Amino acid sequence: MTEILTKLVVDCSTGEATEVPLTTEELAQRETDRLAYEAQEAERLAAEEAKEAAKASANAKLKALGLTDSEIAAITA
Amino acid sequence: MSMTLIETKTLASATTAIEFTSIPSTFTDLSLKMLLRSDSNTFFTDNNNFTVNGTTSGYSMIGIFNGANSFNASGSSIKFSLLQGAQTTSNSFTAVDFYIPNYSGSTNKTFGWQSSTETQTTTDGYYIMLMAGLLTNTAPISSIRFNSGAGNFVVGSTISLYGITKGSDGIVTTSP
């Protein structure tokens with residue numbers, strides 16, 4: 001059975017609270033929000049991975065120049 | 001400054017969104033205090049969001065996560081919490097403290113809020129988020145809606161809306 005998604009609407013002028021099913025538009029917006037979130041997350045993770053890769057590459061180059069791990073940490077911290 | 005409870009609700013059944021409508025324009029600022037939890041089968045969900053007046057464009061936000069990691073986003077809504085999910089300790093909630101200054105004014109709307117998990121354990125994780133948001137829309141705020149994103153807000157989740165009035169006795173005062 002498909003779950004019926006609902007929202008609780010609280011009318012501040014009357015204090016009345018009503019639970020109603022999401023409309024077609026609200027369901028579409030929820031899907032739009034989900035896709036936007038996934039795209040943002042993918043972008044964030046890709047940026048983090050690129051940053052880590054650049055960091056590893058920079059460390060390797062510094063080591064190739066003869067710097068020790070503690071010396072690298074001292075100039076990159 | 002005085003604080004007046006406008007409405008408070010504790011969920012008797014799970015729901016995916018909570019919306020306050022017909023918010024009176026008589027206060028200076030608004031404040032919301034929330035204890036929320038998602039039934040999503042994970043430790044945390046962070047694709048939740050809020051909107052005001054049904055507006056789905058013009059939002060942006062910046063935040064700090066656990067005091068170290070900063071983030072920013074913009075789009076059709078704003079994330080409001082790293083929300084505890086079904087895999088965290090039972091009956092524990094994420095606390096969100098939310099403030100909206102000059103909500104009924106005719107300038108762009110700003111928001112400030114913090115979110116922290118109730119169970120600060122190595123299993124559940126230690127999380128706190130500090131955030132600020134902007135909506136480039138000058139319409140007075142008459143409704144605000146919080147969406148769970150993934151899953152539903154569980155039974156027992158509580159949300160309270162307060163009106164804030166400047167001045168210790170409810171009267172706006174200024175210093176010379």
# chains A, B, ... in the order shown; residues from 1 in each chain; ligands from 1
>>> select_by_dssp(residues="range 71-142 of chain B", states="strand (DSSP E)", output="mmCIF file with N, CA and C atoms, in the first residue's frame")
data_model
loop_
_atom_site.group_PDB
_atom_site.id
_atom_site.type_symbol
_atom_site.label_atom_id
_atom_site.label_comp_id
_atom_site.auth_asym_id
_atom_site.auth_seq_id
_atom_site.Cartn_x
_atom_site.Cartn_y
_atom_site.Cartn_z
ATOM 1 N N PHE B 71 29.498 25.764 5.637
ATOM 2 C CA PHE B 71 28.815 25.373 4.411
ATOM 3 C C PHE B 71 27.869 26.493 4.007
ATOM 4 N N ASN B 72 27.469 26.466 2.779
ATOM 5 C CA ASN B 72 26.483 27.440 2.318
ATOM 6 C C ASN B 72 25.637 26.794 1.235
ATOM 7 N N ALA B 73 24.481 27.349 1.020
ATOM 8 C CA ALA B 73 23.575 26.804 0.008
ATOM 9 C C ALA B 73 22.586 27.881 -0.400
ATOM 10 N N SER B 74 21.979 27.684 -1.541
ATOM 11 C CA SER B 74 20.923 28.592 -1.969
ATOM 12 C C SER B 74 19.942 27.807 -2.818
ATOM 13 N N GLY B 75 18.728 28.335 -2.956
ATOM 14 C CA GLY B 75 17.767 27.634 -3.785
ATOM 15 C C GLY B 75 16.336 27.883 -3.396
ATOM 16 N N LEU B 83 18.793 16.326 11.258
ATOM 17 C CA LEU B 83 17.679 15.806 12.047
ATOM 18 C C LEU B 83 17.907 14.343 12.440
ATOM 19 N N GLN B 84 17.722 14.054 13.716
ATOM 20 C CA GLN B 84 17.907 12.673 14.167
ATOM 21 C C GLN B 84 16.926 11.742 13.479
ATOM 22 N N THR B 94 15.941 16.139 18.032
ATOM 23 C CA THR B 94 16.859 17.223 17.697
ATOM 24 C C THR B 94 16.200 18.535 18.083
ATOM 25 N N ALA B 95 16.935 19.350 18.829
ATOM 26 C CA ALA B 95 16.397 20.633 19.288
ATOM 27 C C ALA B 95 16.783 21.731 18.303
ATOM 28 N N VAL B 96 15.797 22.517 17.897
ATOM 29 C CA VAL B 96 16.052 23.613 16.962
ATOM 30 C C VAL B 96 15.473 24.895 17.564
ATOM 31 N N ASP B 97 16.301 25.908 17.638
ATOM 32 C CA ASP B 97 15.906 27.207 18.189
ATOM 33 C C ASP B 97 16.018 28.233 17.064
ATOM 34 N N PHE B 98 14.914 28.837 16.717
ATOM 35 C CA PHE B 98 14.793 29.577 15.460
ATOM 36 C C PHE B 98 14.323 31.000 15.735
ATOM 37 N N TYR B 99 14.905 31.987 15.025
ATOM 38 C CA TYR B 99 14.510 33.384 15.252
ATOM 39 C C TYR B 99 14.321 34.112 13.924
ATOM 40 N N ILE B 100 13.237 34.854 13.830
ATOM 41 C CA ILE B 100 12.956 35.639 12.616
ATOM 42 C C ILE B 100 12.714 37.087 13.021
ATOM 43 N N LYS B 109 13.819 39.151 4.160
ATOM 44 C CA LYS B 109 13.670 38.468 5.437
ATOM 45 C C LYS B 109 14.949 37.696 5.804
ATOM 46 N N THR B 110 15.297 37.775 7.090
ATOM 47 C CA THR B 110 16.481 37.056 7.565
ATOM 48 C C THR B 110 16.076 36.080 8.668
ATOM 49 N N PHE B 111 16.909 35.088 8.858
ATOM 50 C CA PHE B 111 16.631 34.028 9.822
ATOM 51 C C PHE B 111 17.931 33.661 10.534
ATOM 52 N N GLY B 112 17.840 33.329 11.792
ATOM 53 C CA GLY B 112 19.004 32.816 12.514
ATOM 54 C C GLY B 112 18.560 31.636 13.347
ATOM 55 N N TRP B 113 19.339 30.573 13.389
ATOM 56 C CA TRP B 113 18.898 29.421 14.168
ATOM 57 C C TRP B 113 20.054 28.489 14.493
ATOM 58 N N GLN B 114 19.823 27.670 15.484
ATOM 59 C CA GLN B 114 20.797 26.658 15.860
ATOM 60 C C GLN B 114 20.090 25.332 16.050
ATOM 61 N N SER B 115 20.827 24.274 15.855
ATOM 62 C CA SER B 115 20.261 22.938 15.940
ATOM 63 C C SER B 115 21.271 22.030 16.624
ATOM 64 N N SER B 116 20.805 21.238 17.580
ATOM 65 C CA SER B 116 21.717 20.298 18.241
ATOM 66 C C SER B 116 20.974 19.017 18.576
ATOM 67 N N THR B 117 21.706 17.918 18.618
ATOM 68 C CA THR B 117 21.089 16.636 18.897
ATOM 69 C C THR B 117 20.931 16.440 20.398
ATOM 70 N N ILE B 128 26.179 19.923 16.356
ATOM 71 C CA ILE B 128 25.532 21.229 16.545
ATOM 72 C C ILE B 128 25.750 22.031 15.268
ATOM 73 N N MET B 129 24.720 22.722 14.861
ATOM 74 C CA MET B 129 24.810 23.566 13.668
ATOM 75 C C MET B 129 24.332 24.964 14.019
ATOM 76 N N LEU B 130 25.073 25.951 13.542
ATOM 77 C CA LEU B 130 24.677 27.354 13.693
ATOM 78 C C LEU B 130 24.461 27.917 12.298
ATOM 79 N N MET B 131 23.334 28.536 12.069
ATOM 80 C CA MET B 131 23.015 28.930 10.699
ATOM 81 C C MET B 131 22.365 30.313 10.623
ATOM 82 N N ALA B 132 22.534 30.924 9.471
ATOM 83 C CA ALA B 132 21.854 32.189 9.170
ATOM 84 C C ALA B 132 21.318 32.098 7.750
ATOM 85 N N GLY B 133 20.131 32.625 7.541
ATOM 86 C CA GLY B 133 19.512 32.524 6.223
ATOM 87 C C GLY B 133 18.950 33.852 5.756
ATOM 88 N N LEU B 134 18.775 33.946 4.450
ATOM 89 C CA LEU B 134 18.217 35.153 3.841
ATOM 90 C C LEU B 134 17.186 34.745 2.794
ATOM 91 N N LEU B 135 16.085 35.458 2.773
ATOM 92 C CA LEU B 135 15.106 35.307 1.699
ATOM 93 C C LEU B 135 14.972 36.666 1.031
#
>>> residues_around(residues="Thr158 in chain B", least_positions_apart="5", cutoff="6 Å", atoms="only C-alpha atoms", output="list in words")
Lys9, Thr10, Met34 and Leu35 of chain B
>>> residues_around(residues="range 16-27 of chain A", least_positions_apart="2", cutoff="12 Å", atoms="only C-alpha atoms", output="PyMOL selection string")
(chain A and resi 3-14+29-34) or (chain B and resi 6-22+54+56+145+147+149)
>>> closest_residue(among="B:Ser148, B:Ser31, B:Thr138, B:Thr119", to="Asp46 in chain B", atoms="only C-alpha atoms")
B:Ser148
>>> atom_distance(atom1="CA of Thr165 in chain B", atom2="CA of Ser2 in chain B")
5.2 Å
